[in-house]
file coords_29.cif (mmCIF, C-alpha atoms)
data_coords
loop_
_atom_site.group_PDB
_atom_site.id
_atom_site.type_symbol
_atom_site.label_atom_id
_atom_site.label_comp_id
_atom_site.auth_asym_id
_atom_site.auth_seq_id
_atom_site.Cartn_x
_atom_site.Cartn_y
_atom_site.Cartn_z
ATOM 1 C CA MET A 1419 215.610 229.112 54.941
ATOM 2 C CA GLY A 1420 217.504 227.444 57.763
ATOM 3 C CA ASP A 1421 216.859 224.093 59.374
ATOM 4 C CA PRO A 1422 215.170 224.741 62.726
ATOM 5 C CA ALA A 1423 216.426 221.384 63.937
ATOM 6 C CA ALA A 1424 220.074 222.263 63.279
ATOM 7 C CA GLY A 1425 220.999 221.398 66.842
ATOM 8 C CA LEU A 1426 219.499 217.923 66.573
ATOM 9 C CA THR A 1427 221.931 216.447 64.049
ATOM 10 C CA ALA A 1428 221.711 212.931 65.452
ATOM 11 C CA ALA A 1429 217.987 213.009 66.069
ATOM 12 C CA GLY A 1430 215.540 211.064 63.985
ATOM 13 C CA LEU A 1431 213.023 212.673 61.677
ATOM 14 C CA THR A 1432 215.496 215.407 60.764
ATOM 15 C CA ALA A 1433 217.356 215.748 57.471
ATOM 16 C CA ALA A 1434 220.509 214.375 59.118
ATOM 17 C CA GLY A 1435 218.651 211.612 60.941
ATOM 18 C CA LEU A 1436 217.019 210.346 57.765
ATOM 19 C CA THR A 1437 220.337 210.362 55.938
ATOM 20 C CA ALA A 1438 222.028 208.530 58.787
ATOM 21 C CA ALA A 1439 219.374 205.810 58.574
ATOM 22 C CA GLY A 1440 219.809 205.495 54.831
ATOM 23 C CA LEU A 1441 216.330 206.853 54.145
ATOM 24 C CA ASP A 1442 217.183 208.700 50.982
ATOM 25 C CA GLY A 1443 213.801 208.782 49.307
ATOM 26 C CA SER A 1444 214.807 206.405 46.542
ATOM 27 C CA GLY A 1445 212.287 203.917 45.217
ATOM 28 C CA LEU A 1446 209.273 206.026 46.064
ATOM 29 C CA VAL A 1447 206.463 206.051 43.543
ATOM 30 C CA MET A 1448 203.289 208.102 43.547
ATOM 31 C CA ALA A 1449 201.347 207.070 46.650
ATOM 32 C CA ARG A 1450 198.887 204.419 45.532
ATOM 33 C CA VAL A 1451 195.546 204.115 47.255
ATOM 34 C CA ARG A 1452 192.468 202.600 45.678
ATOM 35 C CA ARG A 1453 189.192 201.329 47.035
ATOM 36 C CA SER A 1454 188.132 197.725 47.105
ATOM 37 C CA ARG A 1455 184.638 196.862 48.356
ATOM 38 C CA GLY A 1456 184.450 200.238 50.097
ATOM 39 C CA ARG A 1457 187.799 199.890 51.860
ATOM 40 C CA PRO A 1458 191.014 201.752 51.069
ATOM 41 C CA VAL A 1459 193.841 199.536 49.833
ATOM 42 C CA VAL A 1460 197.371 200.930 50.029
ATOM 43 C CA SER A 1461 199.972 199.486 47.651
ATOM 44 C CA LEU A 1462 203.543 199.727 48.888
ATOM 45 C CA SER A 1463 206.805 198.935 47.167
ATOM 46 C CA ALA A 1464 209.560 197.299 49.213
ATOM 47 C CA ALA A 1465 211.342 200.654 49.401
ATOM 48 C CA GLU A 1466 208.200 202.362 50.676
ATOM 49 C CA THR A 1467 207.605 199.745 53.346
ATOM 50 C CA HIS A 1468 211.226 200.069 54.412
ATOM 51 C CA LEU A 1469 210.857 203.843 54.543
ATOM 52 C CA LEU A 1470 207.716 203.731 56.680
ATOM 53 C CA ARG A 1471 209.350 201.307 59.104
ATOM 54 C CA GLY A 1472 212.384 203.560 59.379
ATOM 55 C CA LEU A 1473 210.361 206.729 59.858
ATOM 56 C CA LEU A 1474 208.065 205.152 62.426
ATOM 57 C CA GLY A 1475 211.024 203.783 64.378
ATOM 58 C CA GLN A 1476 212.464 207.282 64.612
ATOM 59 C CA PHE A 1477 209.038 208.648 65.488
ATOM 60 C CA ASP A 1478 208.690 206.118 68.309
ATOM 61 C CA GLU A 1479 212.081 207.064 69.743
ATOM 62 C CA THR A 1480 211.350 210.782 69.510
ATOM 63 C CA LEU A 1481 208.059 210.530 71.374
ATOM 64 C CA ALA A 1482 209.138 207.865 73.860
ATOM 65 C CA ALA A 1483 211.958 210.138 75.021
ATOM 66 C CA ARG A 1484 209.360 212.663 76.150
ATOM 67 C CA ALA A 1485 206.440 210.493 77.212
ATOM 68 C CA PRO A 1486 206.582 209.235 80.795
ATOM 69 C CA ALA A 1487 206.811 205.517 81.429
ATOM 70 C CA ARG A 1488 203.405 203.937 81.588
ATOM 71 C CA SER A 1489 202.309 202.972 85.036
ATOM 72 C CA ASP A 1490 201.743 199.380 86.104
ATOM 73 C CA ASP A 1491 199.740 200.685 89.046
ATOM 74 C CA PRO A 1492 196.147 199.623 88.371
ATOM 75 C CA LEU A 1493 194.715 202.444 90.465
ATOM 76 C CA GLU A 1494 196.716 205.008 88.567
ATOM 77 C CA ALA A 1495 195.708 203.447 85.288
ATOM 78 C CA ALA A 1496 192.052 203.407 86.323
ATOM 79 C CA VAL A 1497 191.920 206.892 87.733
ATOM 80 C CA GLY A 1498 194.142 208.299 85.020
ATOM 81 C CA ILE A 1499 196.287 210.418 87.294
ATOM 82 C CA ALA A 1500 198.671 212.058 84.932
ATOM 83 C CA ASP A 1501 201.592 214.131 85.998
ATOM 84 C CA GLY A 1502 203.106 215.291 82.785
ATOM 85 C CA PRO A 1503 205.506 218.154 82.204
ATOM 86 C CA ALA A 1504 204.323 221.727 82.618
ATOM 87 C CA GLU A 1505 206.517 223.241 79.888
ATOM 88 C CA PRO A 1506 206.432 222.436 76.178
ATOM 89 C CA PRO A 1507 209.273 220.430 74.626
ATOM 90 C CA ALA A 1508 212.291 222.466 73.522
ATOM 91 C CA ASP A 1509 212.298 220.705 70.158
ATOM 92 C CA PRO A 1510 209.857 222.537 67.859
ATOM 93 C CA GLY A 1511 208.987 219.348 65.944
ATOM 94 C CA LEU A 1512 207.893 217.529 69.077
ATOM 95 C CA ALA A 1513 206.290 220.681 70.472
ATOM 96 C CA ARG A 1514 204.092 220.851 67.390
ATOM 97 C CA LEU A 1515 202.554 217.511 68.392
ATOM 98 C CA VAL A 1516 201.692 218.768 71.881
ATOM 99 C CA PRO A 1517 200.802 222.442 71.495
ATOM 100 C CA ALA A 1518 199.652 224.665 74.354
ATOM 101 C CA GLY A 1519 195.908 224.698 74.898
ATOM 102 C CA TYR A 1520 195.779 228.353 75.951
ATOM 103 C CA ARG A 1521 197.511 231.126 74.061
ATOM 104 C CA ASP A 1522 197.440 233.848 76.688
ATOM 105 C CA ASP A 1523 197.321 231.979 79.998
ATOM 106 C CA PRO A 1524 200.587 230.162 80.734
ATOM 107 C CA GLU A 1525 199.325 228.772 84.058
ATOM 108 C CA ALA A 1526 196.192 227.295 82.539
ATOM 109 C CA ALA A 1527 198.254 225.952 79.633
ATOM 110 C CA ALA A 1528 200.716 224.331 82.043
ATOM 111 C CA GLU A 1529 197.941 222.695 84.028
ATOM 112 C CA LEU A 1530 196.210 221.379 80.921
ATOM 113 C CA ARG A 1531 199.533 220.074 79.603
ATOM 114 C CA ARG A 1532 200.309 218.268 82.882
ATOM 115 C CA LEU A 1533 196.924 216.582 82.741
ATOM 116 C CA THR A 1534 196.759 215.687 79.059
ATOM 117 C CA GLU A 1535 200.189 215.454 77.445
ATOM 118 C CA PRO A 1536 201.197 211.937 78.576
ATOM 119 C CA ALA A 1537 198.015 210.282 77.301
ATOM 120 C CA LEU A 1538 198.214 212.282 74.086
ATOM 121 C CA LEU A 1539 201.753 211.072 73.381
ATOM 122 C CA HIS A 1540 200.972 207.483 74.358
ATOM 123 C CA ALA A 1541 198.021 207.436 71.965
ATOM 124 C CA LYS A 1542 200.223 208.654 69.117
ATOM 125 C CA ILE A 1543 202.919 206.116 69.968
ATOM 126 C CA ASP A 1544 200.352 203.308 70.047
ATOM 127 C CA ALA A 1545 198.824 204.338 66.725
ATOM 128 C CA ALA A 1546 202.258 204.405 65.099
ATOM 129 C CA ARG A 1547 203.020 200.929 66.439
ATOM 130 C CA ARG A 1548 199.746 199.609 65.044
ATOM 131 C CA LEU A 1549 200.680 201.035 61.652
ATOM 132 C CA VAL A 1550 204.030 199.255 61.744
ATOM 133 C CA GLU A 1551 202.266 196.004 62.635
ATOM 134 C CA SER A 1552 199.982 196.373 59.618
ATOM 135 C CA LEU A 1553 202.867 196.717 57.141
ATOM 136 C CA PRO A 1554 203.767 193.900 54.755
ATOM 137 C CA GLU A 1555 207.179 192.346 55.105
ATOM 138 C CA ARG A 1556 208.389 193.879 51.854
ATOM 139 C CA SER A 1557 206.136 195.023 49.023
ATOM 140 C CA GLY A 1558 202.440 194.384 49.306
ATOM 141 C CA LYS A 1559 198.949 195.714 49.663
ATOM 142 C CA VAL A 1560 197.340 196.741 52.935
ATOM 143 C CA THR A 1561 193.546 196.752 53.153
ATOM 144 C CA LEU A 1562 192.332 199.127 55.829
ATOM 145 C CA ASP A 1563 189.063 198.993 57.736
ATOM 146 C CA GLY A 1564 187.548 202.153 59.224
ATOM 147 C CA GLU A 1565 189.605 202.100 62.398
ATOM 148 C CA SER A 1566 192.937 201.284 60.791
ATOM 149 C CA ALA A 1567 192.392 203.865 58.037
ATOM 150 C CA ALA A 1568 191.795 206.527 60.694
ATOM 151 C CA GLY A 1569 194.928 205.331 62.472
ATOM 152 C CA TRP A 1570 197.045 205.534 59.316
ATOM 153 C CA ILE A 1571 195.738 209.009 58.520
ATOM 154 C CA GLY A 1572 196.508 210.256 62.028
ATOM 155 C CA THR A 1573 199.988 208.740 62.178
ATOM 156 C CA LEU A 1574 200.924 209.991 58.713
ATOM 157 C CA ASN A 1575 199.795 213.424 59.891
ATOM 158 C CA ASP A 1576 201.915 213.143 63.037
ATOM 159 C CA LEU A 1577 204.973 212.126 60.993
ATOM 160 C CA ARG A 1578 204.420 215.122 58.710
ATOM 161 C CA LEU A 1579 204.014 217.481 61.657
ATOM 162 C CA VAL A 1580 207.339 216.480 63.208
ATOM 163 C CA LEU A 1581 209.305 216.209 59.967
ATOM 164 C CA GLY A 1582 207.676 219.226 58.311
ATOM 165 C CA THR A 1583 208.283 221.451 61.335
ATOM 166 C CA ARG A 1584 211.912 220.387 61.510
ATOM 167 C CA LEU A 1585 212.389 220.962 57.780
ATOM 168 C CA GLY A 1586 210.761 224.368 58.098
ATOM 169 C CA VAL A 1587 208.182 223.753 55.378
ATOM 170 C CA THR A 1588 205.917 226.705 54.697
ATOM 171 C CA GLU A 1589 202.802 227.138 52.622
ATOM 172 C CA ASP A 1590 204.452 229.329 50.033
ATOM 173 C CA GLY A 1591 208.065 228.253 50.251
ATOM 174 C CA ASP A 1592 210.007 226.096 47.828
ATOM 175 C CA PRO A 1593 208.639 222.570 48.329
ATOM 176 C CA LEU A 1594 212.121 221.086 47.934
ATOM 177 C CA GLY A 1595 213.746 223.525 50.339
ATOM 178 C CA GLY A 1596 215.676 225.194 47.578
ATOM 179 C CA HIS A 1597 217.352 221.961 46.447
ATOM 180 C CA ARG A 1598 217.224 220.321 43.057
ATOM 181 C CA ARG A 1599 214.913 217.307 42.921
ATOM 182 C CA THR A 1600 217.801 214.872 42.449
ATOM 183 C CA ALA A 1601 220.095 216.419 45.054
ATOM 184 C CA PRO A 1602 220.667 214.311 48.192
ATOM 185 C CA ARG A 1603 219.540 217.236 50.353
ATOM 186 C CA ALA A 1604 216.172 217.163 48.643
ATOM 187 C CA ALA A 1605 215.540 213.645 49.959
ATOM 188 C CA PRO A 1606 213.826 214.604 53.258
ATOM 189 C CA TYR A 1607 211.524 216.935 51.306
ATOM 190 C CA VAL A 1608 210.771 214.222 48.749
ATOM 191 C CA ILE A 1609 209.910 211.925 51.660
ATOM 192 C CA TYR A 1610 207.735 214.606 53.269
ATOM 193 C CA HIS A 1611 205.804 215.113 50.026
ATOM 194 C CA TRP A 1612 205.342 211.394 49.558
ATOM 195 C CA LEU A 1613 203.825 211.177 53.055
ATOM 196 C CA THR A 1614 201.598 214.154 52.195
ATOM 197 C CA ALA A 1615 200.300 212.549 49.007
ATOM 198 C CA LEU A 1616 199.639 209.235 50.774
ATOM 199 C CA GLN A 1617 197.713 210.938 53.570
ATOM 200 C CA ASP A 1618 195.725 213.047 51.093
ATOM 201 C CA ARG A 1619 194.732 209.994 49.063
ATOM 202 C CA LEU A 1620 193.710 208.119 52.190
ATOM 203 C CA VAL A 1621 191.544 211.040 53.368
ATOM 204 C CA ASP A 1622 189.912 211.001 49.923
ATOM 205 C CA ALA A 1623 189.362 207.273 50.116
ATOM 206 C CA VAL A 1624 187.518 207.513 53.438
ATOM 207 C CA ASP A 1625 185.637 210.621 52.356
ATOM 208 C CA LEU A 1626 182.906 211.335 54.878
ATOM 209 C CA ASP A 1627 179.613 212.428 53.417
ATOM 210 C CA MET B 922 151.300 227.967 57.513
ATOM 211 C CA ALA B 923 151.676 229.577 60.935
ATOM 212 C CA ALA B 924 154.889 231.306 61.964
ATOM 213 C CA PRO B 925 156.772 229.707 64.861
ATOM 214 C CA GLU B 926 156.223 231.142 68.327
ATOM 215 C CA ARG B 927 158.853 233.882 68.814
ATOM 216 C CA THR B 928 158.310 235.090 72.411
ATOM 217 C CA GLY B 929 161.125 234.179 74.759
ATOM 218 C CA GLU B 930 163.669 233.707 71.943
ATOM 219 C CA THR B 931 165.864 236.553 73.177
ATOM 220 C CA ASP B 932 165.887 235.050 76.662
ATOM 221 C CA THR B 933 166.943 231.712 75.180
ATOM 222 C CA GLU B 934 169.829 233.308 73.279
ATOM 223 C CA GLU B 935 171.073 235.118 76.378
ATOM 224 C CA ARG B 936 170.887 231.932 78.396
ATOM 225 C CA ALA B 937 172.770 230.114 75.638
ATOM 226 C CA ASP B 938 175.579 232.696 75.757
ATOM 227 C CA ILE B 939 175.864 232.391 79.511
ATOM 228 C CA ASP B 940 175.924 228.615 79.224
ATOM 229 C CA ARG B 941 178.571 228.711 76.508
ATOM 230 C CA PRO B 942 181.068 231.356 77.547
ATOM 231 C CA TRP B 943 184.157 229.647 76.123
ATOM 232 C CA VAL B 944 185.209 228.981 72.551
ATOM 233 C CA THR B 945 187.635 226.640 70.783
ATOM 234 C CA ILE B 946 189.777 228.215 68.077
ATOM 235 C CA VAL B 947 191.605 226.267 65.362
ATOM 236 C CA TRP B 948 194.691 228.050 64.016
ATOM 237 C CA ASN B 949 196.227 227.848 60.556
ATOM 238 C CA ASP B 950 199.514 226.048 60.081
ATOM 239 C CA PRO B 951 201.591 225.228 57.004
ATOM 240 C CA ILE B 952 201.468 221.454 57.347
ATOM 241 C CA ASN B 953 197.865 220.394 57.820
ATOM 242 C CA LEU B 954 196.073 219.587 54.580
ATOM 243 C CA MET B 955 192.855 221.397 53.788
ATOM 244 C CA SER B 956 191.247 218.031 53.059
ATOM 245 C CA TYR B 957 192.375 216.718 56.433
ATOM 246 C CA VAL B 958 191.194 219.722 58.453
ATOM 247 C CA THR B 959 187.755 219.439 56.819
ATOM 248 C CA HIS B 960 187.710 215.695 57.473
ATOM 249 C CA ILE B 961 188.571 216.136 61.163
ATOM 250 C CA LEU B 962 185.988 218.873 61.738
ATOM 251 C CA GLN B 963 183.333 216.572 60.291
ATOM 252 C CA LYS B 964 184.536 213.612 62.319
ATOM 253 C CA LEU B 965 184.993 215.340 65.687
ATOM 254 C CA PHE B 966 181.992 217.679 65.651
ATOM 255 C CA GLY B 967 179.563 215.961 63.280
ATOM 256 C CA TYR B 968 179.488 219.002 61.020
ATOM 257 C CA SER B 969 178.250 218.643 57.455
ATOM 258 C CA LYS B 970 180.907 218.682 54.770
ATOM 259 C CA ASP B 971 179.758 222.167 53.759
ATOM 260 C CA LYS B 972 180.056 223.588 57.269
ATOM 261 C CA ALA B 973 183.378 221.878 57.891
ATOM 262 C CA THR B 974 184.677 223.232 54.567
ATOM 263 C CA ASP B 975 183.572 226.764 55.451
ATOM 264 C CA LEU B 976 185.346 226.586 58.803
ATOM 265 C CA MET B 977 188.475 225.155 57.167
ATOM 266 C CA LEU B 978 188.493 227.980 54.611
ATOM 267 C CA ASP B 979 188.258 230.502 57.460
ATOM 268 C CA VAL B 980 191.260 228.853 59.088
ATOM 269 C CA HIS B 981 193.115 228.892 55.790
ATOM 270 C CA HIS B 982 192.304 232.453 54.693
ATOM 271 C CA LYS B 983 191.797 234.294 57.988
ATOM 272 C CA GLY B 984 194.284 232.369 60.061
ATOM 273 C CA ARG B 985 191.762 231.023 62.578
ATOM 274 C CA ALA B 986 188.189 229.888 63.088
ATOM 275 C CA ALA B 987 185.954 229.277 66.096
ATOM 276 C CA VAL B 988 184.847 225.669 65.812
ATOM 277 C CA SER B 989 182.860 225.114 69.000
ATOM 278 C CA HIS B 990 181.398 226.887 72.014
ATOM 279 C CA GLY B 991 180.596 225.706 75.502
ATOM 280 C CA SER B 992 181.823 225.465 79.054
ATOM 281 C CA ARG B 993 185.507 225.659 79.834
ATOM 282 C CA GLU B 994 185.610 221.936 80.525
ATOM 283 C CA GLN B 995 183.905 221.118 77.230
ATOM 284 C CA MET B 996 186.335 223.335 75.333
ATOM 285 C CA GLU B 997 189.366 221.769 77.042
ATOM 286 C CA ASN B 998 188.006 218.422 75.884
ATOM 287 C CA ASP B 999 187.547 219.714 72.319
ATOM 288 C CA VAL B 1000 191.071 221.173 72.288
ATOM 289 C CA SER B 1001 192.489 217.851 73.484
ATOM 290 C CA ARG B 1002 190.634 215.960 70.763
ATOM 291 C CA LEU B 1003 191.857 218.405 68.128
ATOM 292 C CA HIS B 1004 195.446 218.054 69.387
ATOM 293 C CA ALA B 1005 195.081 214.279 69.201
ATOM 294 C CA ALA B 1006 194.205 214.818 65.526
ATOM 295 C CA GLY B 1007 197.220 217.089 65.034
ATOM 296 C CA LEU B 1008 195.383 220.352 64.612
ATOM 297 C CA TRP B 1009 196.579 223.406 66.511
ATOM 298 C CA ALA B 1010 193.784 224.597 68.781
ATOM 299 C CA THR B 1011 193.363 226.778 71.845
ATOM 300 C CA LEU B 1012 190.455 227.774 74.049
ATOM 301 C CA GLN B 1013 189.593 231.232 75.334
ATOM 302 C CA ARG B 1014 186.692 233.173 76.719
ATOM 303 C CA ASP B 1015 184.175 233.973 74.027
#

call {"tool": "encode", "arguments": {"input": "coords_29.cif", "output": "structure tokens"}}
result
Amino acid sequence: MGDPAAGLTAAGLTAAGLTAAGLDGSGLVMARVRRSRGRPVVSLSAAETHLLRGLLGQFDETLAARAPARSDDPLEAAVGIADGPAEPPADPGLARLVPAGYRDDPEAAAELRRLTEPALLHAKIDAARRLVESLPERSGKVTLDGESAAGWIGTLNDLRLVLGTRLGVTEDGDPLGGHRRTAPRAAPYVIYHWLTALQDRLVDAVDLD
Amino acid sequence: MAAPERTGETDTEERADIDRPWVTIVWNDPINLMSYVTHILQKLFGYSKDKATDLMLDVHHKGRAAVSHGSREQMENDVSRLHAAGLWATLQRD
């Protein structure tokens, strides 16, 4: 199975990008989420905090490169005139975050994308920044209220969408991409699975019913 | 116990179809967690856990599920909300 992001060797949130940033998946433990007085509490080691900061920095850069600059014009901000791109991003990982809204009508899809993509990306960028702000300096515990838990869940999902698409993860494929668990090339997959477990535990912790 | 009044029900169903000619489809993908898809369907549409789970299982096993119906504008709004949550969704005529 090839790496769909092979042409993006310097880009973040790719196997090469993670390696270049020294994010090698070391020091990760089983994602730890418990509940305290009805709120999820996430326990992070120093390595895990460092990893999340690194990943979210790369995520921010990836999305900011596509999202238009935010307008200072108060009328534009109030009316919400958006003039986003009409075509999807060339990068499949980024494209997965902003899929087409119509499957069989390219014109309708282009119009919907122009109207909605910028705000969609800005919301994801903002949520990721809020997650970074909630991180401890090194190791520590983060207690999440309803809003911040939803934010964490959404941002972890976004990270997994970009990274997972670029790694080419499939439902039935080898979860380590054919690499041995201790091989350096397994590191991005180990990171992806750590993010998956953390998100899954958080969804459990905020179980709606 | 009396049975509910049934006259006019067919007319109501036809009117409902005319009023809701568009549908939002959620598509399967290899990254979204089953637990997360269920969670989002409950959160965005107010579905019970059972209904959200059924829809998620349709997505998982059949590749797609219709999660809402309505006007084109309503479905564009639903698709946008689903994309904000990271699900892959499209709208089409019902």

call {"tool": "residues_around", "arguments": {"input": "coords_29.cif", "residues": "Phe966 in chain B", "least_positions_apart": "3", "cutoff": "10 Å", "atoms": "all atoms listed in the file", "output": "PyMOL selection string"}}
result
chain B and resi 961-963+969+973+988-989+999

call {"tool": "resolve_selection", "arguments": {"input": "coords_29.cif", "expression": "the PyMOL selection byres ((chain A) within 6 of (chain B))", "output": "PDB file with C-alpha atoms, in the frame of the given file"}}
result
ATOM      1  CA  GLY A1519     195.908 224.698  74.898  1.00  0.00           C
ATOM      2  CA  TYR A1520     195.779 228.353  75.951  1.00  0.00           C
ATOM      3  CA  THR A1588     205.917 226.705  54.697  1.00  0.00           C
ATOM      4  CA  GLU A1589     202.802 227.138  52.622  1.00  0.00           C
TER       5      GLU A1589
END

call {"tool": "closest_residue", "arguments": {"input": "coords_29.cif", "among": "A:Asp1523, A:Asp1592, A:Asp1478, A:Asp1563", "to": "Leu1539 in chain A", "atoms": "only C-alpha atoms"}}
result
A:Asp1478

call {"tool": "closest_residue", "arguments": {"input": "coords_29.cif", "among": "A:Arg1471, A:Arg1598, A:Arg1488, A:Arg1547", "to": "Leu1441 in chain A", "atoms": "all atoms listed in the file"}}
result
A:Arg1471

call {"tool": "closest_residue", "arguments": {"input": "coords_29.cif", "among": "A:His1540, A:Arg1556, A:Arg1532, A:His1468", "to": "Ala1485 in chain A", "atoms": "all atoms listed in the file"}}
result
A:His1540

call {"tool": "residues_around", "arguments": {"input": "coords_29.cif", "residues": "range 1603-1616 of chain A", "least_positions_apart": "5", "cutoff": "9 Å", "atoms": "only C-alpha atoms", "output": "number ranges by chain"}}
result
A: 1431-1434, 1436-1437, 1441-1444, 1446-1451, 1460, 1469, 1571, 1574-1575, 1577-1578, 1581-1582, 1585, 1587, 1593-1598, 1621; B: 952, 954

call {"tool": "atom_distance", "arguments": {"input": "coords_29.cif", "atom1": "CA of Ala1537 in chain A", "atom2": "CA of Ser1489 in chain A"}}
result
11.5 Å

call {"tool": "atom_distance", "arguments": {"input": "coords_29.cif", "atom1": "CA of Lys972 in chain B", "atom2": "CA of Gln1617 in chain A"}}
result
22.0 Å

call {"tool": "atom_distance", "arguments": {"input": "coords_29.cif", "atom1": "CA of Arg1484 in chain A", "atom2": "CA of Leu1512 in chain A"}}
result
8.7 Å

call {"tool": "closest_residue", "arguments": {"input": "coords_29.cif", "among": "A:Leu1553, A:Leu1473, A:Ala1518, A:Val1560", "to": "Ala1438 in chain A", "atoms": "only C-alpha atoms"}}
result
A:Leu1473

call {"tool": "resolve_selection", "arguments": {"input": "coords_29.cif", "expression": "the PyMOL selection byres ((chain A and resi 1562) around 10)", "output": "list in words"}}
result
Arg1453, Ser1454, Gly1456, Arg1457, Pro1458, Val1459, Val1460, Ser1552, Lys1559, Val1560, Thr1561, Asp1563, Gly1564, Glu1565, Ser1566, Ala1567, Ala1568, Gly1569, Trp1570, Leu1620 and Val1624 of chain A
